[in-house]
There are 2 protein chains.
Amino acid sequence: MQLNLAFIGFGTVGQGFCEILLEKEESLRQLGLEYKITAISDIAKGTIQNEQGLNLEAVLKTVKETGRIEETPGAKPGWNSLETITKSNSDIIVEVSYTDLKTAEPALSHFKVALENKKHLITTNKGPCALAFNELSALAKSQGVEFRYEGTVMSGTPIITLAQTSISYGNIKEIKGILNGTTNFILTEMEKGKSYQAALKQAQALGYAEAIPDADVLGWDTLAKIMILSNVLFKYPLKVSDIPRQGITDVSLEDIKKAREKGSKIKLIGRIKRERQKIQAEVLCERIPLTHPLASVEGALNAITFKTEYLGDVTIVGPGAGRKETGFALLSDLCQIYQRLSQGRKK
Amino acid sequence: MQLNLAFIGFGTVGQGFCEILLEKEESLRQLGLEYKITAISDIAKGTIQNEQGLNLEAVLKTVKETGRIEETPGAKPGWNSLETITKSNSDIIVEVSYTDLKTAEPALSHFKVALENKKHLITTNKGPCALAFNELSALAKSQGVEFRYEGTVMSGTPIITLAQTSISYGNIKEIKGILNGTTNFILTEMEKGKSYQAALKQAQALGYAEAIPDADVLGWDTLAKIMILSNVLFKYPLKVSDIPRQGITDVSLEDIKKAREKGSKIKLIGRIKRERQKIQAEVLCERIPLTHPLASVEGALNAITFKTEYLGDVTIVGPGAGRKETGFALLSDLCQIYQRLSQGRKK
C-alpha cells in the first residue's frame, strides 16, 4: 500500500520523523507500507510540493543548510497550510505546527480541514487535543478517517496506545504522572544540591528549557497533558479553570531536604481521579515515597501510574520529549493507521 | 455481536475471568459485545455444556461449594477437552488448563485442535507459547482466526499488547525484566533481613510459592517467559538449552548486604539481547543500581525494561500474577478480538 503524507509544520519533530522514515524505509517496505511526502508547508521555512513525492534526503539537507526548504532540488512551489491540506494528493496529514494552549489555533483549523476532507491525521500538537478533542474525534469518526496523537503525551512512550487498548478495559480509577521533563530535570538537579536558578540555567543550556520557561515551570505543559489524558481516558473535557495548578518555582532546597528526611522526593505531579462519574484533576508538587516507582524517575524522564480496578497500579516510565523520541510517536501512529487500513482491505 | 466461549480448564484464572465477565457484563454490552459460556471442561472439576449458554453465577457458586461443576443447575453433561473444542458451538476457546514446560501437553493439542477448527483462541498457558509459538501463529494466520496470550507474561499488565503495537516499530535491542513475583517477593523480604528459608516460608503461607517451589526459585518460570518474549518480539524460538539459568537459592544475606553497600539490589533478571541478527538470552541474579526503575520493583510486582532504538529505555511495572490480574488478561484478549471482528464487519 502506498500512503502519501503532507506536513503542516516542519520543525524539530517533523524533521526527526523524516529522519526515522528514511532510516526505516526498508523495514516499512517489508511490512507492505510505502510512503511518499508530497507536500510540506511551514510558516517560517517555506512551502513546497511535488505530487510524485519530494526527495526527503534533499529536503533535510536543504533545511539544515539554509534554514528553509524552498531551494530543495526537484521541489515545486507549494501552498499555504490550508491549501496544502486540500490541494495536495495526500492521504495523511502530519500536523506538527506550533502549539497554542489558549485557542489551539491555527492548528485547530488545520485539524478540522484535514478531517473534513477525509484525510487521516497524525499529530504531536497538544493544543487541539487538549481543547477540542471530543469534537475532533466525532468528526474523524463521522468521516471514516483515523485521528492519532501518540506524541502529545510522553513523546513516543506508548501511553495513548496503552490507554486505548488493553488497559482501558479495566476501570481506570486514577492516573498520576510526571509529565514534564524540564521540571523533573530541575527537581532532580536540586536533589543534588543545586539552587532552582542554577538548575534552570543548566536546563536552558541543555536545550530542555526555553528562555522564557513559564510553560514548563508554572505547570502549564503538565496541565495540557492532563486535559488530553482526561479526554482520551475518560471522554471528559476538563477546562483550564477546572484544574488547580502549581509550578515548581516555589520549591526550595529546604523543602527537598525535608522531603528526603521523610523518605520521599518532591515531584511535579499531574493527577486525574475518577470517583463514580466525577472527575477531579490537579497539577501540584507532591512528596512521593522512595518506594513508589515514580520516585526513581529522574532527569528528563517521564512516567505515568494508572490505578486500575483489576491490575492495581501499572506504571510506565519512558522519555517525555526529544527530536527522535517524539518523531517516533508519529511513526507509531502511521504504522497503526497502515495496519488498520490493510486489515480493512483483507476482510 | 454475540460470542460463545468454551473453557478448557477451570482453575483460579478461569474462575477469576468469569467473575470479571459477570462484573463487566453491562459495560461489555455497551461496547456491543454479548458473550455466552456454552461449555466448560476441566480434568478435575468435571465437564458441562449448554448450547444456550450456562448460567455463569450458578457455575461459580457450584464450584465454590462442591469443588466440581457438574451439579450446576441447568447444565448438561459435557465432553472431554478435545470434544469440547470441536462439538461445542463456541467461537472462542479459553485455554486455561495446566502448564507443562517440557512437552506443553495436553495444552498444545488443545491449541492445535482449536485453531484447526477455526476457533479463536485466548490463553494464559505458557507451555505452548514458549515451545511451539511460531507453528501456532502460522496456523492461526492460515486459518484466519485470532490467537492471543496476554496473560502468559506479567498477567494482565499489557506487555504483549505493547510488544505487538507501538513499541515494536522501533527496533527493540534488549529486554530485561523481573518476571517472577515469587522470587521477587523472597528477595524483597531478604532485603529486610529475613533468611532465604524464612522468606520462602512466608511466600508459601501467602500462597505466592508452591510447596515444591522449584519452578519459581530455580528460574524455570522466568525462563519460560523469556522464551515467550523472544517468540513474540523477535520471532526467534529459543530452546531451553540456549538459555543459561540461575535461580535465587544461592543468594545469601551477605550478597544482599554487599550489593546494598554498592548502591544496588539483587534481582532475578530475565534478559534477551539482540545484536545484529543474533539473539542471546539468560536468567540470572544481577545487581541493579538503585537509580534504575527495576530496583524499586518490590514484593510480588513484576517489570520489564525495553531498550529501544528511538525511545531509549521504556519500563513497565505491574502485577505479575493473581486471580483477577490474570483473569483480566483474558478479558483484554477477548475485547481485542471483538474489536478486530467488528472492524472487519464494518469495512
# chains A, B, ... in the order shown; residues from 1 in each chain; ligands from 1

$ residues_around --residues "A:Leu54" --least-positions-apart "6" --cutoff "12 Å" --atoms "only C-alpha atoms" --output "list in words"
Asn4, Leu5, Ala6, Phe7, Cys18, Tyr35, Lys36, Ile37, Thr38, Ala39, Ile40, Thr47, Ile48, Leu60, Ile69, Glu70, Thr72, Pro73, Gly74, Ala75, Lys76, Pro77 and Gly78 of chain A

$ write_last_selection --atoms "N, CA and C atoms" --output "mmCIF file, in the first residue's frame"
data_model
loop_
_atom_site.group_PDB
_atom_site.id
_atom_site.type_symbol
_atom_site.label_atom_id
_atom_site.label_comp_id
_atom_site.auth_asym_id
_atom_site.auth_seq_id
_atom_site.Cartn_x
_atom_site.Cartn_y
_atom_site.Cartn_z
ATOM 1 N N ASN A 4 0.486 8.686 0.861
ATOM 2 C CA ASN A 4 1.112 9.992 0.641
ATOM 3 C C ASN A 4 0.904 10.879 1.870
ATOM 4 N N LEU A 5 2.005 11.495 2.323
ATOM 5 C CA LEU A 5 1.956 12.324 3.522
ATOM 6 C C LEU A 5 2.170 13.792 3.153
ATOM 7 N N ALA A 6 1.414 14.681 3.797
ATOM 8 C CA ALA A 6 1.697 16.116 3.706
ATOM 9 C C ALA A 6 1.943 16.648 5.113
ATOM 10 N N PHE A 7 2.983 17.483 5.240
ATOM 11 C CA PHE A 7 3.370 18.024 6.551
ATOM 12 C C PHE A 7 2.875 19.462 6.697
ATOM 13 N N CYS A 18 10.984 12.594 9.787
ATOM 14 C CA CYS A 18 11.500 12.316 8.437
ATOM 15 C C CYS A 18 12.793 11.506 8.488
ATOM 16 N N TYR A 35 5.756 4.929 1.510
ATOM 17 C CA TYR A 35 5.263 6.298 1.741
ATOM 18 C C TYR A 35 5.905 7.252 0.750
ATOM 19 N N LYS A 36 5.214 8.338 0.477
ATOM 20 C CA LYS A 36 5.811 9.484 -0.206
ATOM 21 C C LYS A 36 5.411 10.738 0.571
ATOM 22 N N ILE A 37 6.327 11.728 0.639
ATOM 23 C CA ILE A 37 5.959 13.039 1.179
ATOM 24 C C ILE A 37 5.656 13.902 -0.042
ATOM 25 N N THR A 38 4.415 14.323 -0.181
ATOM 26 C CA THR A 38 4.066 15.063 -1.404
ATOM 27 C C THR A 38 3.926 16.567 -1.177
ATOM 28 N N ALA A 39 3.924 17.027 0.069
ATOM 29 C CA ALA A 39 3.867 18.481 0.314
ATOM 30 C C ALA A 39 4.324 18.792 1.731
ATOM 31 N N ILE A 40 4.971 19.952 1.882
ATOM 32 C CA ILE A 40 5.365 20.444 3.208
ATOM 33 C C ILE A 40 5.078 21.940 3.244
ATOM 34 N N THR A 47 7.242 26.646 1.726
ATOM 35 C CA THR A 47 6.253 25.636 1.356
ATOM 36 C C THR A 47 6.576 25.058 -0.020
ATOM 37 N N ILE A 48 6.589 23.720 -0.094
ATOM 38 C CA ILE A 48 6.956 23.024 -1.331
ATOM 39 C C ILE A 48 6.018 21.843 -1.549
ATOM 40 N N LEU A 60 15.810 17.454 3.815
ATOM 41 C CA LEU A 60 16.504 17.554 5.110
ATOM 42 C C LEU A 60 17.839 18.278 4.976
ATOM 43 N N ILE A 69 13.139 25.516 3.165
ATOM 44 C CA ILE A 69 13.004 24.299 2.356
ATOM 45 C C ILE A 69 12.820 24.584 0.867
ATOM 46 N N GLU A 70 12.653 25.868 0.509
ATOM 47 C CA GLU A 70 12.198 26.150 -0.854
ATOM 48 C C GLU A 70 13.209 25.854 -1.945
ATOM 49 N N THR A 72 14.925 23.199 -2.181
ATOM 50 C CA THR A 72 15.095 21.743 -2.322
ATOM 51 C C THR A 72 15.052 21.345 -3.799
ATOM 52 N N PRO A 73 16.085 20.637 -4.284
ATOM 53 C CA PRO A 73 16.072 20.210 -5.689
ATOM 54 C C PRO A 73 14.827 19.372 -6.014
ATOM 55 N N GLY A 74 14.187 19.698 -7.119
ATOM 56 C CA GLY A 74 13.024 18.914 -7.557
ATOM 57 C C GLY A 74 11.707 19.346 -6.950
ATOM 58 N N ALA A 75 11.749 20.296 -5.999
ATOM 59 C CA ALA A 75 10.507 20.720 -5.348
ATOM 60 C C ALA A 75 9.834 21.831 -6.139
ATOM 61 N N LYS A 76 8.502 21.775 -6.217
ATOM 62 C CA LYS A 76 7.747 22.859 -6.838
ATOM 63 C C LYS A 76 7.219 23.781 -5.740
ATOM 64 N N PRO A 77 6.881 25.025 -6.098
ATOM 65 C CA PRO A 77 6.312 25.925 -5.087
ATOM 66 C C PRO A 77 5.041 25.314 -4.500
ATOM 67 N N GLY A 78 4.876 25.449 -3.189
ATOM 68 C CA GLY A 78 3.725 24.847 -2.526
ATOM 69 C C GLY A 78 2.619 25.857 -2.270
#

$ residues_around --residues "A:Thr103" --least-positions-apart "5" --cutoff "10 Å" --atoms "only C-alpha atoms" --output "number ranges by chain"
A: 108, 127-128, 131-132

$ residues_around --residues "B:Phe185" --least-positions-apart "3" --cutoff "10 Å" --atoms "only C-alpha atoms" --output "number ranges by chain"
B: 180-182, 188-191, 199-200, 202-203, 208-209, 297-302

$ closest_atom_pairs --of "chain A" --to "chain B" --cutoff "8 Å" --atoms "only C-alpha atoms" --output "CSV"
residue,atom,partner,partner_atom,distance
A:Gly156,CA,B:Leu311,CA,6.7
A:Thr157,CA,B:Val314,CA,7.0
A:Pro158,CA,B:Ser166,CA,6.3
A:Thr161,CA,B:Ser166,CA,6.9
A:Leu162,CA,B:Leu162,CA,7.1
A:Thr165,CA,B:Gln336,CA,7.4
A:Ser166,CA,B:Ser332,CA,5.2
A:Ile167,CA,B:Pro158,CA,6.8
A:Tyr169,CA,B:Ser332,CA,6.4
A:Gly170,CA,B:Phe328,CA,7.5
A:Thr291,CA,B:Ser296,CA,6.2
A:His292,CA,B:Ser296,CA,7.1
A:Pro293,CA,B:Ser296,CA,6.0
A:Ser296,CA,B:Pro293,CA,6.0
A:Val297,CA,B:Pro293,CA,7.1
A:Tyr310,CA,B:Glu325,CA,5.6
A:Leu311,CA,B:Glu325,CA,5.2
A:Gly312,CA,B:Pro319,CA,7.4
A:Asp313,CA,B:Gly318,CA,6.2
A:Val314,CA,B:Gly318,CA,4.5
A:Thr315,CA,B:Val317,CA,5.0
A:Ile316,CA,B:Ile316,CA,4.6
A:Val317,CA,B:Thr315,CA,5.0
A:Gly318,CA,B:Val314,CA,4.5
A:Pro319,CA,B:Leu311,CA,6.4
A:Lys324,CA,B:Tyr310,CA,6.0
A:Glu325,CA,B:Leu311,CA,5.2
A:Phe328,CA,B:Tyr310,CA,6.5
A:Leu331,CA,B:Tyr169,CA,7.6
A:Ser332,CA,B:Ser166,CA,5.2
A:Asp333,CA,B:Ser166,CA,7.8
A:Cys335,CA,B:Tyr169,CA,7.6
A:Gln336,CA,B:Thr165,CA,7.4
A:Gln343,CA,B:Gly344,CA,7.3
A:Gly344,CA,B:Lys347,CA,5.4
A:Arg345,CA,B:Lys347,CA,7.6
A:Lys347,CA,B:Gly344,CA,5.4

$ residues_around --residues "A:Arg245" --least-positions-apart "4" --cutoff "8 Å" --atoms "only C-alpha atoms" --output "number ranges by chain"
A: 218-220, 223, 282-284

$ write_last_selection --atoms "N, CA and C atoms" --output "PDB file, in the first residue's frame"
ATOM      1  N   LEU A 218       5.756  26.713  35.393  1.00  0.00           N
ATOM      2  CA  LEU A 218       4.498  27.080  36.060  1.00  0.00           C
ATOM      3  C   LEU A 218       3.431  25.989  35.930  1.00  0.00           C
ATOM      4  N   GLY A 219       3.787  24.871  35.291  1.00  0.00           N
ATOM      5  CA  GLY A 219       2.862  23.732  35.270  1.00  0.00           C
ATOM      6  C   GLY A 219       1.885  23.718  34.102  1.00  0.00           C
ATOM      7  N   TRP A 220       2.002  24.675  33.167  1.00  0.00           N
ATOM      8  CA  TRP A 220       1.031  24.725  32.053  1.00  0.00           C
ATOM      9  C   TRP A 220       1.125  23.511  31.139  1.00  0.00           C
ATOM     10  N   LEU A 223      -0.444  20.619  32.738  1.00  0.00           N
ATOM     11  CA  LEU A 223      -1.893  20.811  32.718  1.00  0.00           C
ATOM     12  C   LEU A 223      -2.487  20.433  31.357  1.00  0.00           C
ATOM     13  N   GLU A 282      -5.677  17.838  39.062  1.00  0.00           N
ATOM     14  CA  GLU A 282      -4.835  18.879  39.628  1.00  0.00           C
ATOM     15  C   GLU A 282      -3.394  18.719  39.152  1.00  0.00           C
ATOM     16  N   VAL A 283      -2.661  19.822  39.232  1.00  0.00           N
ATOM     17  CA  VAL A 283      -1.221  19.811  38.952  1.00  0.00           C
ATOM     18  C   VAL A 283      -0.559  20.352  40.203  1.00  0.00           C
ATOM     19  N   LEU A 284       0.279  19.542  40.855  1.00  0.00           N
ATOM     20  CA  LEU A 284       0.849  20.003  42.127  1.00  0.00           C
ATOM     21  C   LEU A 284       2.186  19.358  42.442  1.00  0.00           C
TER      22      LEU A 284
END

$ residues_around --residues "A:Phe133" --least-positions-apart "3" --cutoff "8 Å" --atoms "only C-alpha atoms" --output "JSON, numbers by chain"
{"A": [128, 129, 130, 136, 137, 228, 231, 237]}

$ atom_distance --atom1 "atom CA of B:Ser264" --atom2 "atom CA of B:Ile288"
5.2 Å

$ select_by_dssp --residues "stretch 93-149 of chain B" --states "alpha helix (DSSP H)" --output "count of residues only"
27

$ select_by_dssp --residues "stretch 74-237 of chain B" --states "strand (DSSP E)" --output "PyMOL selection string"
chain B and resi 76-77+92-95+120-123+147-148+172-178

$ atom_distance --atom1 "atom CA of B:Leu139" --atom2 "atom CA of B:Lys118"
9.6 Å

$ residues_around --residues "A:Ser41" --least-positions-apart "6" --cutoff "6 Å" --atoms "only C-alpha atoms" --output "list in words"
Ile8, Gly9, Thr47 and Ser81 of chain A

$ residues_around --residues "stretch 111-115 of chain B" --least-positions-apart "4" --cutoff "8 Å" --atoms "only C-alpha atoms" --output "MDAnalysis selection string"
chainID B and resid 82 85:86 93 95 107 119:121 128 136 139:140 143 145
